[in-house]
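Inspection log for the structure reproduced underneath, given as structure tokens.
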Amino acid sequence: MDEDSPYGERLDRLEDLAWSDADTAHREALRLLQQIDRHAYPASAGRALLVQAAVESQRGLTEPSARLMRRVMQWADQSADRYLQARSHRELSSLFRRVGDFALALEHAVKGVELLDVGARPLIRCDHLLALADALGEIGSYAESRRRYIEANELAEQDGDLHVRMRVLNNWAYTEYEDRNVTQALPIVERLLTVSERHGRQLDVHDLDTTARVYMLAGRLEDAHRILSPVRGQIGRRPRLFDERASALLTLAEIERLQGLTVDAQTTLDQCRLLCDELELSSLQVRVRREQAELFAASCRFEQAFAEHKRFHDAAMEVYSLEREARARTLQTLFETSEARRDSARYRELSVHDSLTGLPNRRFIDDHLARLCLRVAESGDPLTVALVDLDHFKRVNDTFSHAVGDRVLCQVADVLTREVSAVPGGIAARLGGEEFVLILPGTGGRDTHRVLERVRAAVAAHDWRGLTQKLPVTISIGAAVAPDEGLERSSLLAAADQRLYVAKRSGRNRIVTTDRMPTGHPADDVRHVRHALG
């Protein structure tokens, strides 16, 4: 940095202000850029340019903000200015998250943390850790993400800035919600509410939305409705808040539908639709169509639900195409086209595969399964989604070591991959820890149990003596089948998860594919499932 710059304190305040009042930070950055002698103090000018670029990126001006960031990064690289290099990577991480390239978002977030000196101000270190935590959450690396949120939260409390503390808690809670981890998410939103009440600071719309979603995940629909219902009458004070309000209205409509308040849900959804149309929020408009289909179905208007679901599918494909074009334009702005293609493909490949087993990870499954569900909606062909969990895996780690546990996970991954490869398009993936997921296109009914029983038996029969001696390694499986049990990724995974829980509670080393309680022995489960299937 410019060691003798007279602008240092003003730039510190400017970077801090971007947390709480982005519009004012943007105006002050432009004003400061008119005053700075860029030849004498290029690093100071670079810091102000990054604040300008960060706010413009938030406003959706991705291409001009990308050009500014690239300009600053080029100067920082040539001058070996580590602080500006770190800040450039941090802002590029947020930009790539906004355009949906989570692999490059993670790459830049990692570099942003690595390049930042340990002596940087606590708030800046918190900002960089938060960007890394958010990026890790986007690719489904939830355990690593949680560790960074904990570090960022400690720094936020140390700094004492209320806006920073609440933003960290909000992002952390939402990532835990994305992981469907209610035991982690619930205490975080309760802490967010406590901080808000203690300091007399009203929650922003995105805080209310996150809190309501966590309550909804916890089954506390009345609390979720109470928290979010005031959003109906709120008008955002800043332009960027309108899209947050639209998202919150969509959440409220979902809550009201789940409560059986279909008339209220329709009114709320209509308000959300009008706001989306006014602001041209294409991604949210797609989600509105999906919720409308769910609402029609909840009101027993099944023909309208089917028609709306088809419109949702068409709109989703159109938005997906537009988002790909936006990412390509942003990449072209930042890099030479051929280099961007190579780097993007390489890091995207890393971001969708588990580093231990080499299997596809949660991020890949979320995207892939969503596309398969759309295909099932069109064709009606069955699709089995099965969750697999190793039985008593803690015993392996505790008895032998985590290194042995990792080798067991890798061998289980090999067995699962080998067995599902017999199904065209079959995929085994690792969700995290000792939990895996199997995707079996074109499989349903009796075929579901036949394939899963072969998987279960193959793991149990594998020669584990070289790793676990006499300690057996077995798996439990819970499965759901589309379209009979839904066409949404989340509903299929939730049904499979519930049945996995039943399989674990009823003795382990077994398969559950219906909501009826199995008997106490795997062989009995086979008869139970066959009877349930007719």
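Residue numbers start at 1 in each chain; chains themselves are named A, B, ... in the order of the structure tokens; ligands are numbered from 1 in the order shown.
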As a ChimeraX atom specification, please: the residues near stretch 287-302 of chain A (cut-off 10 Å, only C-alpha atoms, same-chain neighbours under 2 positions excluded). /A:246-247,249-251,253-254,256-258,260-263,265-266,269-270,272-273,276,282-285,304-313,315-316,488
Write out as a count of residues only each polymer residue whose atoms come within 10 Å of stretch 135-150 of chain A, counting only C-alpha atoms; drop sequence neighbours fewer than 5 positions from it. 48
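Straight-line separation from atom CA of A:Gln85 to atom CA of A:Ala45: 13.6 Å.
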For atom CA of A:Pro187 and atom CA of A:Arg165, quote the distance in Å rounded to one decimal.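 According to the coordinates, atom CA of A:Pro187 and atom CA of A:Arg165 are separated by 14.8 Å.
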If DSSP is run on the backbone, what residues of stretch 401-473 of chain A are helix (DSSP H, G or I)? A reply as a PyMOL selection string would be ideal. chain A and resi 402-420+446-461+465-468
If we count only C-alpha atoms, what is near A:Ala480 at a cut-off of 10 Å, once residues fewer than 4 positions away on the same chain are taken out, given as a list in words?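 My list of contacting residues is Leu383, Thr384, Val385, Ala386, Leu387, Gly444, Thr448, Asp484, Glu485, Gly486, Ser491, Leu492, Leu493, Ala494, Ala495, Ala496, Asp497, Gln498, Arg499, Val512, Thr513, Thr514 and Asp515 of chain A.
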Mind checking which residues fall within 10 Å of A:His26, counting only C-alpha atoms, ignoring those fewer than 4 positions away in the same chain, and posting them as a PyMOL selection string? chain A and resi 14+17-18+21-22+30-32+48-56
Take the residues that were just selected and, keeping N, CA and C atoms, output them as an mmCIF file, in the first residue's frame.
data_model
loop_
_atom_site.group_PDB
_atom_site.id
_atom_site.type_symbol
_atom_site.label_atom_id
_atom_site.label_comp_id
_atom_site.auth_asym_id
_atom_site.auth_seq_id
_atom_site.Cartn_x
_atom_site.Cartn_y
_atom_site.Cartn_z
ATOM 1 N N LEU A 14 -14.144 4.120 4.592
ATOM 2 C CA LEU A 14 -14.907 3.832 3.382
ATOM 3 C C LEU A 14 -15.155 2.330 3.239
ATOM 4 N N LEU A 17 -17.678 1.357 5.788
ATOM 5 C CA LEU A 17 -19.016 1.873 5.491
ATOM 6 C C LEU A 17 -19.746 0.994 4.482
ATOM 7 N N ALA A 18 -18.977 0.317 3.629
ATOM 8 C CA ALA A 18 -19.600 -0.545 2.623
ATOM 9 C C ALA A 18 -20.433 -1.656 3.254
ATOM 10 N N ASP A 21 -23.792 0.850 4.688
ATOM 11 C CA ASP A 21 -24.469 1.811 3.811
ATOM 12 C C ASP A 21 -23.728 1.859 2.479
ATOM 13 N N ALA A 22 -24.053 0.927 1.624
ATOM 14 C CA ALA A 22 -23.325 0.777 0.359
ATOM 15 C C ALA A 22 -23.494 2.002 -0.532
ATOM 16 N N LEU A 30 -16.497 7.737 -5.140
ATOM 17 C CA LEU A 30 -16.389 8.558 -6.347
ATOM 18 C C LEU A 30 -15.827 9.942 -6.021
ATOM 19 N N ARG A 31 -16.256 10.499 -4.887
ATOM 20 C CA ARG A 31 -15.754 11.813 -4.481
ATOM 21 C C ARG A 31 -14.252 11.749 -4.168
ATOM 22 N N LEU A 32 -13.848 10.684 -3.487
ATOM 23 C CA LEU A 32 -12.446 10.546 -3.120
ATOM 24 C C LEU A 32 -11.567 10.326 -4.355
ATOM 25 N N ALA A 48 -10.113 2.755 -3.418
ATOM 26 C CA ALA A 48 -11.375 3.456 -3.680
ATOM 27 C C ALA A 48 -12.101 2.859 -4.882
ATOM 28 N N LEU A 49 -11.345 2.481 -5.912
ATOM 29 C CA LEU A 49 -11.965 1.848 -7.084
ATOM 30 C C LEU A 49 -12.629 0.523 -6.723
ATOM 31 N N LEU A 50 -12.015 -0.234 -5.820
ATOM 32 C CA LEU A 50 -12.610 -1.505 -5.418
ATOM 33 C C LEU A 50 -13.926 -1.302 -4.676
ATOM 34 N N VAL A 51 -13.999 -0.259 -3.844
ATOM 35 C CA VAL A 51 -15.278 0.036 -3.180
ATOM 36 C C VAL A 51 -16.336 0.379 -4.225
ATOM 37 N N GLN A 52 -15.970 1.210 -5.192
ATOM 38 C CA GLN A 52 -16.899 1.541 -6.272
ATOM 39 C C GLN A 52 -17.354 0.285 -7.006
ATOM 40 N N ALA A 53 -16.407 -0.577 -7.351
ATOM 41 C CA ALA A 53 -16.722 -1.794 -8.107
ATOM 42 C C ALA A 53 -17.593 -2.742 -7.292
ATOM 43 N N ALA A 54 -17.311 -2.871 -5.993
ATOM 44 C CA ALA A 54 -18.073 -3.791 -5.147
ATOM 45 C C ALA A 54 -19.545 -3.387 -5.084
ATOM 46 N N VAL A 55 -19.811 -2.094 -4.916
ATOM 47 C CA VAL A 55 -21.201 -1.631 -4.831
ATOM 48 C C VAL A 55 -21.895 -1.790 -6.185
ATOM 49 N N GLU A 56 -21.197 -1.486 -7.267
ATOM 50 C CA GLU A 56 -21.809 -1.623 -8.590
ATOM 51 C C GLU A 56 -22.091 -3.092 -8.905
#
Would you please extract all strand (DSSP E) residues from stretch 427-462 of chain A, as assigned by DSSP on the backbone, and give them as a VMD selection string? chain A and resid 427 to 432 435 to 441
For the residues selected in the previous step, produce a file with N, CA and C atoms as a PDB file, in the first residue's frame.
ATOM      1  N   ILE A 427     -25.629 -42.969 -10.586  1.00  0.00           N
ATOM      2  CA  ILE A 427     -24.558 -42.160  -9.991  1.00  0.00           C
ATOM      3  C   ILE A 427     -24.517 -42.402  -8.489  1.00  0.00           C
ATOM      4  N   ALA A 428     -23.313 -42.540  -7.967  1.00  0.00           N
ATOM      5  CA  ALA A 428     -23.092 -42.529  -6.518  1.00  0.00           C
ATOM      6  C   ALA A 428     -22.332 -41.253  -6.195  1.00  0.00           C
ATOM      7  N   ALA A 429     -22.753 -40.552  -5.141  1.00  0.00           N
ATOM      8  CA  ALA A 429     -22.104 -39.302  -4.748  1.00  0.00           C
ATOM      9  C   ALA A 429     -21.963 -39.270  -3.236  1.00  0.00           C
ATOM     10  N   ARG A 430     -21.059 -38.433  -2.765  1.00  0.00           N
ATOM     11  CA  ARG A 430     -20.872 -38.270  -1.321  1.00  0.00           C
ATOM     12  C   ARG A 430     -21.467 -36.940  -0.886  1.00  0.00           C
ATOM     13  N   LEU A 431     -22.378 -37.007   0.095  1.00  0.00           N
ATOM     14  CA  LEU A 431     -22.993 -35.794   0.617  1.00  0.00           C
ATOM     15  C   LEU A 431     -22.127 -35.151   1.686  1.00  0.00           C
ATOM     16  N   GLY A 432     -21.329 -35.960   2.370  1.00  0.00           N
ATOM     17  CA  GLY A 432     -20.505 -35.460   3.465  1.00  0.00           C
ATOM     18  C   GLY A 432     -20.454 -36.476   4.581  1.00  0.00           C
ATOM     19  N   GLU A 435     -22.194 -40.137   4.765  1.00  0.00           N
ATOM     20  CA  GLU A 435     -23.465 -40.204   4.043  1.00  0.00           C
ATOM     21  C   GLU A 435     -23.242 -40.053   2.538  1.00  0.00           C
ATOM     22  N   PHE A 436     -23.909 -40.935   1.776  1.00  0.00           N
ATOM     23  CA  PHE A 436     -23.818 -40.937   0.326  1.00  0.00           C
ATOM     24  C   PHE A 436     -25.230 -40.849  -0.261  1.00  0.00           C
ATOM     25  N   VAL A 437     -25.301 -40.561  -1.552  1.00  0.00           N
ATOM     26  CA  VAL A 437     -26.587 -40.579  -2.245  1.00  0.00           C
ATOM     27  C   VAL A 437     -26.419 -41.359  -3.548  1.00  0.00           C
ATOM     28  N   LEU A 438     -27.450 -42.114  -3.888  1.00  0.00           N
ATOM     29  CA  LEU A 438     -27.486 -42.864  -5.145  1.00  0.00           C
ATOM     30  C   LEU A 438     -28.603 -42.313  -6.011  1.00  0.00           C
ATOM     31  N   ILE A 439     -28.318 -42.047  -7.264  1.00  0.00           N
ATOM     32  CA  ILE A 439     -29.304 -41.575  -8.237  1.00  0.00           C
ATOM     33  C   ILE A 439     -29.464 -42.661  -9.289  1.00  0.00           C
ATOM     34  N   LEU A 440     -30.691 -43.182  -9.425  1.00  0.00           N
ATOM     35  CA  LEU A 440     -30.930 -44.327 -10.312  1.00  0.00           C
ATOM     36  C   LEU A 440     -32.032 -43.993 -11.307  1.00  0.00           C
ATOM     37  N   PRO A 441     -31.702 -43.379 -12.461  1.00  0.00           N
ATOM     38  CA  PRO A 441     -32.709 -43.042 -13.459  1.00  0.00           C
ATOM     39  C   PRO A 441     -33.373 -44.298 -14.021  1.00  0.00           C
TER      40      PRO A 441
END
